[in-house]
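Peer 1: Input model-v4.txt, format and content: compact mmCIF, C-alpha atoms.
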# COMPACT_ATOMS: atom_id res chain seq x y z
CA MET A 294 -68.76 -25.05 34.57
CA ALA A 295 -69.56 -22.12 36.80
CA ARG A 296 -67.06 -19.67 35.36
CA THR A 297 -63.58 -19.62 33.93
CA VAL A 298 -61.15 -17.61 36.01
CA GLY A 299 -57.62 -16.57 35.19
CA PHE A 300 -54.61 -14.42 35.97
CA PHE A 301 -53.20 -11.61 33.92
CA THR A 302 -49.60 -10.78 34.80
CA ASP A 303 -48.33 -7.59 33.23
CA THR A 304 -44.54 -7.89 33.37
CA THR A 305 -44.07 -4.27 32.24
CA LEU A 306 -45.43 -3.14 35.62
CA CYS A 307 -43.43 -5.62 37.71
CA ILE A 308 -40.69 -4.09 39.86
CA GLY A 309 -39.48 -7.42 41.27
CA CYS A 310 -40.48 -6.66 44.88
CA LYS A 311 -41.64 -10.24 45.51
CA ALA A 312 -44.61 -9.06 47.58
CA CYS A 313 -46.79 -11.52 45.62
CA GLU A 314 -44.57 -14.40 46.75
CA VAL A 315 -44.83 -13.31 50.37
CA ALA A 316 -48.60 -12.70 50.21
CA CYS A 317 -49.12 -16.10 48.61
CA LYS A 318 -47.14 -17.85 51.34
CA GLU A 319 -49.04 -15.99 54.06
CA TRP A 320 -52.46 -16.72 52.63
CA ASN A 321 -51.77 -20.36 51.84
CA GLN A 322 -49.75 -20.95 55.02
CA LEU A 323 -46.63 -22.06 53.19
CA PRO A 324 -43.50 -21.93 55.34
CA GLY A 325 -41.25 -21.53 52.31
CA HIS A 326 -37.63 -22.51 51.82
CA ALA A 327 -34.65 -20.63 53.18
CA PRO A 328 -33.62 -18.12 50.49
CA ALA A 329 -30.58 -19.14 48.48
CA PHE A 330 -28.82 -16.99 45.91
CA GLY A 331 -27.78 -18.52 42.61
CA ASP A 332 -25.85 -16.59 40.00
CA GLY A 333 -28.07 -13.50 40.12
CA TYR A 334 -30.37 -11.49 42.35
CA ASP A 335 -32.98 -14.23 42.38
CA ASN A 336 -33.17 -16.10 45.68
CA THR A 337 -36.37 -18.10 45.15
CA GLY A 338 -35.02 -20.63 42.66
CA ARG A 339 -38.12 -22.11 41.10
CA LEU A 340 -41.81 -22.75 41.39
CA ASP A 341 -42.39 -25.71 43.68
CA GLU A 342 -44.57 -26.99 46.50
CA GLN A 343 -43.62 -23.96 48.61
CA ASN A 344 -43.36 -21.27 45.92
CA TRP A 345 -46.66 -20.95 44.05
CA ARG A 346 -45.56 -17.53 42.80
CA TYR A 347 -42.00 -17.01 41.64
CA VAL A 348 -40.63 -13.64 40.53
CA GLN A 349 -38.01 -14.38 37.90
CA PHE A 350 -35.18 -11.97 37.15
CA HIS A 351 -34.21 -12.40 33.51
CA GLU A 352 -31.16 -10.35 32.57
CA ARG A 353 -30.87 -8.88 29.11
CA THR A 354 -28.41 -6.61 27.37
CA THR A 355 -29.82 -3.22 26.43
CA ALA A 356 -29.19 -1.35 23.17
CA LYS A 357 -26.57 0.79 24.94
CA GLY A 358 -24.71 -2.29 26.16
CA GLY A 359 -25.95 -2.17 29.73
CA VAL A 360 -27.82 -4.85 31.66
CA ALA A 361 -31.52 -4.68 32.40
CA TRP A 362 -34.02 -7.07 33.98
CA ASN A 363 -37.08 -8.60 32.47
CA MET A 364 -39.02 -9.40 35.59
CA MET A 365 -41.78 -11.93 35.48
CA SER A 366 -43.96 -13.28 38.28
CA ASP A 367 -44.41 -16.90 37.25
CA VAL A 368 -47.35 -19.03 38.34
CA CYS A 369 -49.17 -22.25 37.38
CA LYS A 370 -50.69 -21.57 33.95
CA HIS A 371 -53.84 -23.73 34.42
CA CYS A 372 -53.53 -24.70 30.74
CA ALA A 373 -56.71 -25.59 28.87
CA MET A 374 -54.84 -28.70 27.71
CA ALA A 375 -52.62 -29.47 30.69
CA SER A 376 -49.57 -31.71 30.27
CA CYS A 377 -49.50 -32.63 33.96
CA MET A 378 -53.15 -33.67 33.83
CA GLU A 379 -52.62 -35.75 30.71
CA VAL A 380 -49.84 -37.92 32.13
CA CYS A 381 -51.11 -38.27 35.72
CA PRO A 382 -51.47 -42.06 36.22
CA THR A 383 -53.65 -41.74 39.34
CA ASN A 384 -56.15 -39.17 37.97
CA ALA A 385 -55.25 -36.99 40.95
CA ILE A 386 -55.09 -33.90 38.74
CA ILE A 387 -58.55 -32.64 37.85
CA ARG A 388 -60.18 -29.57 36.34
CA THR A 389 -62.30 -27.62 38.79
CA GLU A 390 -65.62 -25.89 38.18
CA PHE A 391 -63.58 -22.68 37.77
CA ASP A 392 -61.71 -24.30 34.87
CA THR A 393 -58.49 -24.36 36.88
CA VAL A 394 -56.15 -27.32 37.26
CA TYR A 395 -56.15 -28.80 40.75
CA ILE A 396 -54.22 -31.64 42.36
CA GLN A 397 -56.29 -33.62 44.84
CA PRO A 398 -53.95 -34.17 47.78
CA SER A 399 -55.86 -37.26 48.92
CA VAL A 400 -55.44 -39.02 45.56
CA CYS A 401 -51.90 -38.05 44.52
CA ASN A 402 -49.29 -40.66 45.44
CA GLY A 403 -46.31 -38.46 44.64
CA CYS A 404 -44.93 -40.27 41.60
CA ARG A 405 -43.73 -36.95 40.13
CA ASP A 406 -44.58 -38.00 36.57
CA CYS A 407 -46.28 -34.63 36.06
CA ILE A 408 -43.08 -32.68 36.64
CA ALA A 409 -41.05 -33.97 33.69
CA PRO A 410 -43.36 -33.33 30.72
CA VAL A 411 -44.19 -29.73 31.53
CA ARG A 412 -42.24 -27.54 29.17
CA ILE A 413 -43.38 -24.41 30.90
CA THR A 414 -40.46 -24.41 33.29
CA SER A 415 -41.38 -25.79 36.67
CA SER A 416 -45.10 -25.19 36.76
CA ALA A 417 -46.28 -24.66 40.32
CA SER A 418 -49.11 -27.17 40.16
CA THR A 419 -46.79 -29.91 38.97
CA ARG A 420 -44.15 -29.34 41.61
CA ARG A 421 -46.87 -29.35 44.21
CA ALA A 422 -47.79 -32.86 43.16
CA ALA A 423 -44.62 -34.27 44.60
CA TRP A 424 -45.73 -33.38 48.09
CA PRO A 425 -49.47 -33.94 48.38
CA GLN A 426 -49.56 -32.95 52.01
CA SER A 427 -48.93 -29.34 51.01
CA ALA A 428 -51.05 -29.27 47.89
CA ARG A 429 -53.88 -26.78 47.92
CA SER A 430 -55.82 -24.90 45.33
CA ALA A 431 -54.18 -21.65 44.33
CA THR A 432 -57.15 -20.30 42.44
CA THR A 433 -60.55 -21.49 43.53
CA ALA A 434 -63.46 -19.41 44.67
CA CYS A 435 -61.42 -16.78 46.48
CA ARG A 436 -59.55 -13.97 44.86
CA PRO A 437 -55.91 -14.95 45.18
CA THR A 438 -54.06 -12.77 47.59
CA CYS A 439 -51.02 -12.30 45.35
CA CYS A 440 -52.96 -9.82 43.21
CA ARG A 441 -54.54 -7.83 46.05
CA LEU A 442 -53.42 -4.25 46.33
CA ARG A 443 -51.27 -3.50 49.41
CA GLN A 444 -50.92 -7.17 50.37
CA GLY A 445 -49.74 -8.43 47.04
CA VAL A 446 -48.69 -6.21 44.20
CA PRO A 447 -48.11 -2.50 44.83
CA THR A 448 -47.99 -1.78 41.11
CA GLU A 449 -51.07 -3.86 40.21
CA SER A 450 -48.99 -5.95 37.87
CA ILE A 451 -51.06 -9.07 38.64
CA LYS A 452 -54.78 -9.14 37.97
CA PHE A 453 -57.33 -11.87 38.61
CA GLY A 454 -60.87 -12.39 37.40
CA ASP A 455 -62.98 -13.99 34.68
CA LEU A 456 -60.71 -15.14 31.89
CA SER A 457 -62.71 -13.21 29.28
CA THR A 458 -62.29 -10.02 31.32
CA MET A 459 -58.58 -10.73 31.68
CA ARG A 460 -58.30 -11.12 27.90
CA GLU A 461 -59.97 -7.73 27.41
CA VAL A 462 -57.74 -6.03 29.98
CA ALA A 463 -54.64 -7.63 28.48
CA GLY A 464 -55.64 -6.65 24.94
CA ALA A 465 -56.25 -3.04 25.96
CA ARG A 466 -52.89 -2.87 27.74
CA LEU A 467 -51.13 -4.37 24.71
CA ASN A 468 -52.67 -1.77 22.42
CA GLN A 469 -51.67 0.98 24.83
CA LEU A 470 -48.03 -0.19 24.93
CA ARG A 471 -47.87 -0.65 21.16
CA GLY A 472 -49.27 2.89 20.79
CA GLN A 473 -46.44 4.13 22.98
CA GLY A 474 -43.92 2.56 20.63
CA MET A 475 -43.15 -0.73 22.44
CA SER A 476 -43.17 -2.87 19.32
CA GLU A 477 -41.74 -5.87 21.20
CA ALA A 478 -44.70 -6.06 23.59
CA ARG A 479 -46.74 -9.24 23.15
CA LEU A 480 -49.37 -11.30 24.89
CA TYR A 481 -48.43 -14.84 25.94
CA GLY A 482 -50.99 -17.54 26.58
CA ASP A 483 -53.58 -17.34 23.81
CA LYS A 484 -52.48 -20.38 21.80
CA GLU A 485 -50.08 -22.31 24.03
CA TYR A 486 -51.45 -25.61 25.40
CA GLY A 487 -54.91 -24.84 24.07
CA GLY A 488 -54.87 -21.45 25.80
CA LEU A 489 -53.43 -20.66 29.20
CA HIS A 490 -55.53 -19.42 32.11
CA ALA A 491 -52.64 -17.27 33.25
CA LEU A 492 -51.88 -14.65 30.62
CA PHE A 493 -48.59 -12.79 30.53
CA LEU A 494 -47.71 -9.51 28.86
CA LEU A 495 -44.08 -9.85 27.77
CA THR A 496 -41.65 -7.41 26.20
CA ASP A 497 -39.45 -10.02 24.54
CA ALA A 498 -39.66 -13.46 22.93
CA PRO A 499 -41.17 -16.13 25.25
CA GLU A 500 -37.83 -17.97 25.20
CA ALA A 501 -36.19 -14.99 26.91
CA TYR A 502 -38.48 -15.69 29.87
CA GLY A 503 -37.88 -19.44 29.86
CA LEU A 504 -41.31 -20.07 28.31
CA PRO A 505 -41.94 -22.35 25.31
CA ASN A 506 -43.11 -20.68 22.12
CA ALA A 507 -46.45 -21.61 20.56
CA GLU A 508 -44.76 -24.24 18.37
CA ASN A 509 -43.22 -26.08 21.33
CA ALA A 510 -46.10 -25.67 23.75
CA VAL A 511 -47.93 -28.91 22.89
CA LEU A 512 -48.90 -31.91 25.00
CA PRO A 513 -46.35 -34.63 25.84
CA SER A 514 -48.41 -37.23 23.96
CA ARG A 515 -46.85 -35.76 20.81
CA ASN A 516 -44.00 -38.24 21.44
CA ASN A 517 -46.19 -41.30 22.01
CA VAL A 518 -46.54 -42.63 18.46
CA ARG A 519 -42.81 -42.27 17.80
CA SER A 520 -41.82 -43.82 21.13
CA TYR A 521 -44.25 -46.75 21.07
CA LEU A 522 -43.32 -47.46 17.43
CA GLY A 523 -39.64 -47.36 18.41
CA SER A 524 -40.28 -50.02 21.06
CA LEU A 525 -42.21 -52.20 18.61
CA VAL A 526 -39.48 -51.91 15.96
CA THR A 527 -36.82 -52.85 18.55
CA ALA A 528 -38.86 -55.90 19.58
CA ALA A 529 -39.34 -56.87 15.92
CA ILE A 530 -35.60 -56.59 15.27
CA GLY A 531 -34.96 -58.80 18.30
CA ILE A 532 -37.36 -61.49 17.06
CA VAL A 533 -35.96 -61.38 13.52
CA GLY A 534 -32.44 -61.57 14.94
CA ALA A 535 -33.40 -64.59 17.07
CA VAL A 536 -34.97 -66.38 14.09
CA PHE A 537 -31.83 -65.65 12.09
CA ALA A 538 -29.45 -66.80 14.83
CA PHE A 539 -31.32 -70.08 15.48
CA ARG A 540 -32.25 -70.90 11.89
CA GLU A 541 -30.00 -73.98 11.85
CA ARG A 542 -31.24 -75.52 15.09
CA GLY A 543 -34.59 -76.47 13.67
CA GLY A 544 -36.85 -76.05 16.67
CA LYS A 545 -37.05 -78.15 19.82
CA GLU A 546 -35.41 -81.54 19.37
CA MET B 128 -30.31 -42.83 44.67
CA TYR B 129 -31.47 -46.41 45.25
CA ILE B 130 -33.97 -45.96 42.42
CA VAL B 131 -31.18 -46.54 39.87
CA TRP B 132 -31.20 -50.15 41.07
CA TYR B 133 -34.69 -50.43 39.64
CA PHE B 134 -33.41 -49.70 36.16
CA PHE B 135 -30.49 -52.09 36.64
CA LEU B 136 -32.58 -54.96 38.02
CA GLY B 137 -35.51 -54.27 35.71
CA GLY B 138 -33.12 -54.40 32.76
CA ILE B 139 -31.68 -57.72 33.95
CA ALA B 140 -35.16 -59.19 34.44
CA GLY B 141 -36.42 -58.03 31.05
CA GLY B 142 -33.26 -59.10 29.23
CA ALA B 143 -33.12 -62.48 30.97
CA TYR B 144 -36.77 -63.20 30.19
CA ALA B 145 -36.39 -62.15 26.53
CA LEU B 146 -33.29 -64.36 26.10
CA GLY B 147 -34.94 -67.23 27.98
CA ALA B 148 -38.05 -67.02 25.81
CA ILE B 149 -36.03 -66.90 22.57
CA LEU B 150 -33.95 -69.93 23.62
CA ARG B 151 -37.05 -71.78 24.76
CA LEU B 152 -39.03 -71.15 21.60
CA MET B 153 -36.27 -71.43 19.02
CA GLY B 154 -33.45 -73.36 20.64
CA ASP B 155 -33.04 -77.11 21.10
CA GLN B 156 -32.08 -79.42 23.99
CA ARG B 157 -28.63 -77.81 24.35
CA ASP B 158 -30.24 -74.45 25.16
CA ALA B 159 -32.58 -75.76 27.86
CA PRO B 160 -30.25 -75.18 30.87
CA VAL B 161 -29.59 -71.55 29.87
CA SER B 162 -33.27 -70.92 29.27
CA ARG B 163 -34.13 -72.46 32.63
CA LEU B 164 -31.51 -70.33 34.36
CA ALA B 165 -32.94 -67.21 32.70
CA PHE B 166 -36.47 -67.98 33.90
CA LEU B 167 -35.24 -68.82 37.40
CA LEU B 168 -33.36 -65.51 37.52
CA THR B 169 -36.19 -63.33 36.20
CA LEU B 170 -38.72 -63.63 39.01
CA PRO B 171 -36.53 -62.92 42.07
CA VAL B 172 -34.83 -60.02 40.32
CA LEU B 173 -38.15 -58.66 39.09
CA ALA B 174 -39.72 -58.97 42.55
CA ILE B 175 -37.37 -56.28 43.90
CA CYS B 176 -38.43 -53.73 41.26
CA PRO B 177 -41.91 -52.78 42.53
CA ILE B 178 -40.54 -52.45 46.06
CA LEU B 179 -38.00 -49.88 44.89
CA LEU B 180 -40.60 -48.04 42.79
CA THR B 181 -43.10 -47.95 45.66
CA LEU B 182 -40.51 -46.61 48.09
CA ASP B 183 -39.72 -43.84 45.61
CA LEU B 184 -43.29 -42.50 45.72
CA GLY B 185 -44.10 -39.50 47.88
CA ARG B 186 -46.86 -41.60 49.46
CA PRO B 187 -45.79 -45.26 49.11
CA LEU B 188 -48.99 -46.73 50.56
CA ARG B 189 -50.95 -45.19 47.71
CA PHE B 190 -49.09 -47.18 45.06
CA TRP B 191 -52.36 -48.88 44.08
CA HIS B 192 -53.77 -45.54 42.88
CA MET B 193 -51.74 -46.19 39.72
CA LEU B 194 -53.82 -49.27 38.95
CA ILE B 195 -57.20 -48.59 40.53
CA ASP B 196 -58.93 -45.23 40.60
CA SER B 197 -59.24 -44.37 44.28
CA ARG B 198 -62.58 -42.59 43.80
CA THR B 199 -64.48 -44.87 41.43
CA PHE B 200 -62.51 -48.08 42.18
CA GLY B 201 -62.48 -48.82 38.45
CA LEU B 202 -59.32 -49.79 36.65
CA ASN B 203 -56.98 -46.89 35.99
CA PHE B 204 -55.26 -47.22 32.64
CA LYS B 205 -54.11 -44.43 30.32
CA TYR B 206 -52.41 -45.81 27.23
CA TRP B 207 -51.11 -42.32 26.37
CA SER B 208 -49.27 -42.00 29.69
CA PRO B 209 -46.03 -44.05 29.80
CA MET B 210 -46.14 -44.06 33.61
CA SER B 211 -49.56 -45.71 33.61
CA VAL B 212 -48.52 -48.17 30.89
CA GLY B 213 -45.35 -48.96 32.83
CA ALA B 214 -47.26 -49.80 36.01
CA TRP B 215 -49.50 -52.24 34.11
CA VAL B 216 -46.61 -53.72 32.14
CA LEU B 217 -44.89 -54.51 35.43
CA ILE B 218 -47.98 -56.38 36.68
CA ILE B 219 -48.52 -58.35 33.46
CA PHE B 220 -44.81 -59.13 33.05
CA SER B 221 -44.77 -60.39 36.64
CA LEU B 222 -47.59 -62.86 35.85
CA PHE B 223 -45.67 -64.26 32.87
CA ALA B 224 -42.44 -64.36 34.87
CA PHE B 225 -44.22 -66.21 37.69
CA VAL B 226 -45.62 -68.91 35.39
CA SER B 227 -42.25 -69.34 33.66
CA PHE B 228 -40.50 -69.52 37.02
CA LEU B 229 -42.83 -72.30 38.22
CA GLU B 230 -42.28 -74.24 35.01
CA ALA B 231 -38.49 -73.85 35.20
CA TRP B 232 -38.50 -74.78 38.88
CA GLY B 233 -40.61 -77.83 38.18
CA SER B 234 -38.40 -79.02 35.35
CA LEU B 235 -35.34 -78.52 37.55
CA ARG B 236 -36.84 -80.72 40.27
CA GLY B 237 -38.06 -83.25 37.72
CA ARG B 238 -34.58 -83.55 36.27
CA GLY B 239 -33.11 -83.86 39.75
CA LEU B 240 -35.40 -86.79 40.56
CA ARG B 241 -34.57 -88.59 37.35
CA SER B 242 -30.79 -88.33 37.47
Can you give me the file's structure in the form of structure tokens?
Peer 2:
Amino acid sequence: MARTVGFFTDTTLCIGCKACEVACKEWNQLPGHAPAFGDGYDNTGRLDEQNWRYVQFHERTTAKGGVAWNMMSDVCKHCAMASCMEVCPTNAIIRTEFDTVYIQPSVCNGCRDCIAPVRITSSASTRRAAWPQSARSATTACRPTCCRLRQGVPTESIKFGDLSTMREVAGARLNQLRGQGMSEARLYGDKEYGGLHALFLLTDAPEAYGLPNAENAVLPSRNNVRSYLGSLVTAAIGIVGAVFAFRERGGKE
Amino acid sequence: MYIVWYFFLGGIAGGAYALGAILRLMGDQRDAPVSRLAFLLTLPVLAICPILLTLDLGRPLRFWHMLIDSRTFGLNFKYWSPMSVGAWVLIIFSLFAFVSFLEAWGSLRGRGLRS
């Protein structure tokens, strides 16, 4: 393990300009989809094989009854315990020497099993898996372009570096905001899925950003015992039912 | 949306084989024709399933990556991943279905020669 890198996305500095989305597409040579508006100002839609950064516009009602945005530039979280990596039946999803999660385009066969179990809504790495021809590493040796000043984020809302440094920067920023009276400010990504490698500074509950809380952010294998037992019990009931139904026939001839 | 046919046909194959096996193991002579029909039905219906599943992949020709690791060429099985388990179950079920089909086919021909 050479070093552990990570993102720190400070949503309090995000102005929703989407420059990070554009810079990411330029650097990674992603043509992108045609923009399409849904029921708000967002025209990206979701993280997928074309959108490795996705600026979300979460509307909230302010204390005065107005509407405000909680903006959040979403990205693959490179979880320490990654759901997509756990379920991948081809072992196409690996952990790199930078402790990031990477889908090997030459191994992935596009079964899309990694998309379903990820509770962090539409993680970029998982959507990328569906289309191996466009899969590339978002965070490897280079400094991702989405966090470069001028090209990426004019407000320096996204930072990239060693994960330990990112934790320090995030902690300092959290203390600063709390000191200024923002009691709702919180850091997201310390406990979820064994610790995310993309930290987020939020000003509301994770659910308000479409993120799972620490209680829900656990691996999909949490369902395995229950599901496999359910199958076994069903099979047992079937066998018992068959024995009961044929009890008077007395075996073959 | 052809992939829904996989669930339909896979359900028929699984249900037919389960009923056929129950009748075969616990029934008597009266149940033999139904059991034979079930085994004869299972294999052709089941044979369509992997074709549909393979076509649904982003890269169909790499379907074998599910079973064999494409880097180490060792067997690829993750009991904690239902997708991996499902791929193996399909292979193993197919072997059983094939043997049962041969037996049912043979008994059908044998009966035809006798009567």
Peer 1: Using all atoms listed in the file, find the residues of chain B whose closest atom to chain A is at most 10 Å away, then write them as an MDAnalysis selection string.
Peer 2: chainID B and resid 145:146 149:159 180:181 183:198 203:214
Peer 1: Would you compute the distance between atom CA of Leu136 of chain B and atom CA of Leu173 of chain B? Give it in Å to one decimal.
Peer 2: 6.8 Å
Peer 1: Calculate, to one decimal in Å, the centre and edge lengths of the box along x, y and z of the file that holds all listed atoms of segment 175-186 of chain B with 6 Å of margin on each side, and present them as AutoDock Vina command-line options.
Peer 2:
--center_x -42.1 --center_y -47.9 --center_z 45.4 --size_x 21.5 --size_y 28.8 --size_z 20.2
Peer 1: When you draw a straight line from atom CA of Arg163 of chain B to atom CA of Tyr133 of chain B, how long is it in Å?
Peer 2: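 Going from atom CA of Arg163 of chain B over to atom CA of Tyr133 of chain B covers 23.1 Å.
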Peer 1: Quick one: pull the distance between atom CA of Tyr334 of chain A and atom CA of Gln349 of chain A, Å, one decimal.
Peer 2: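 Taking atom CA of Tyr334 of chain A and atom CA of Gln349 of chain A, their separation equals 9.3 Å.
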Peer 1: Quick one: residues within 12 Å of Pro160 of chain B, only C-alpha atoms counted, chain neighbours fewer than 6 positions away excluded, as a list in words?
Peer 2: Gly147, Leu150, Arg151, Gly154, Phe166, Leu167, Ala231, Trp232, Ser234, Leu235 and Arg238 of chain B
Peer 1: List as a list in words the protein and nucleic acid residues near Arg296 of chain A, meaning an atom at most 9 Å away when all atoms listed in the file are counted, but skip any in the same chain fewer than 6 places from it.
Peer 2: Glu390, Phe391, Asp392, Asp455 and Leu456 of chain A
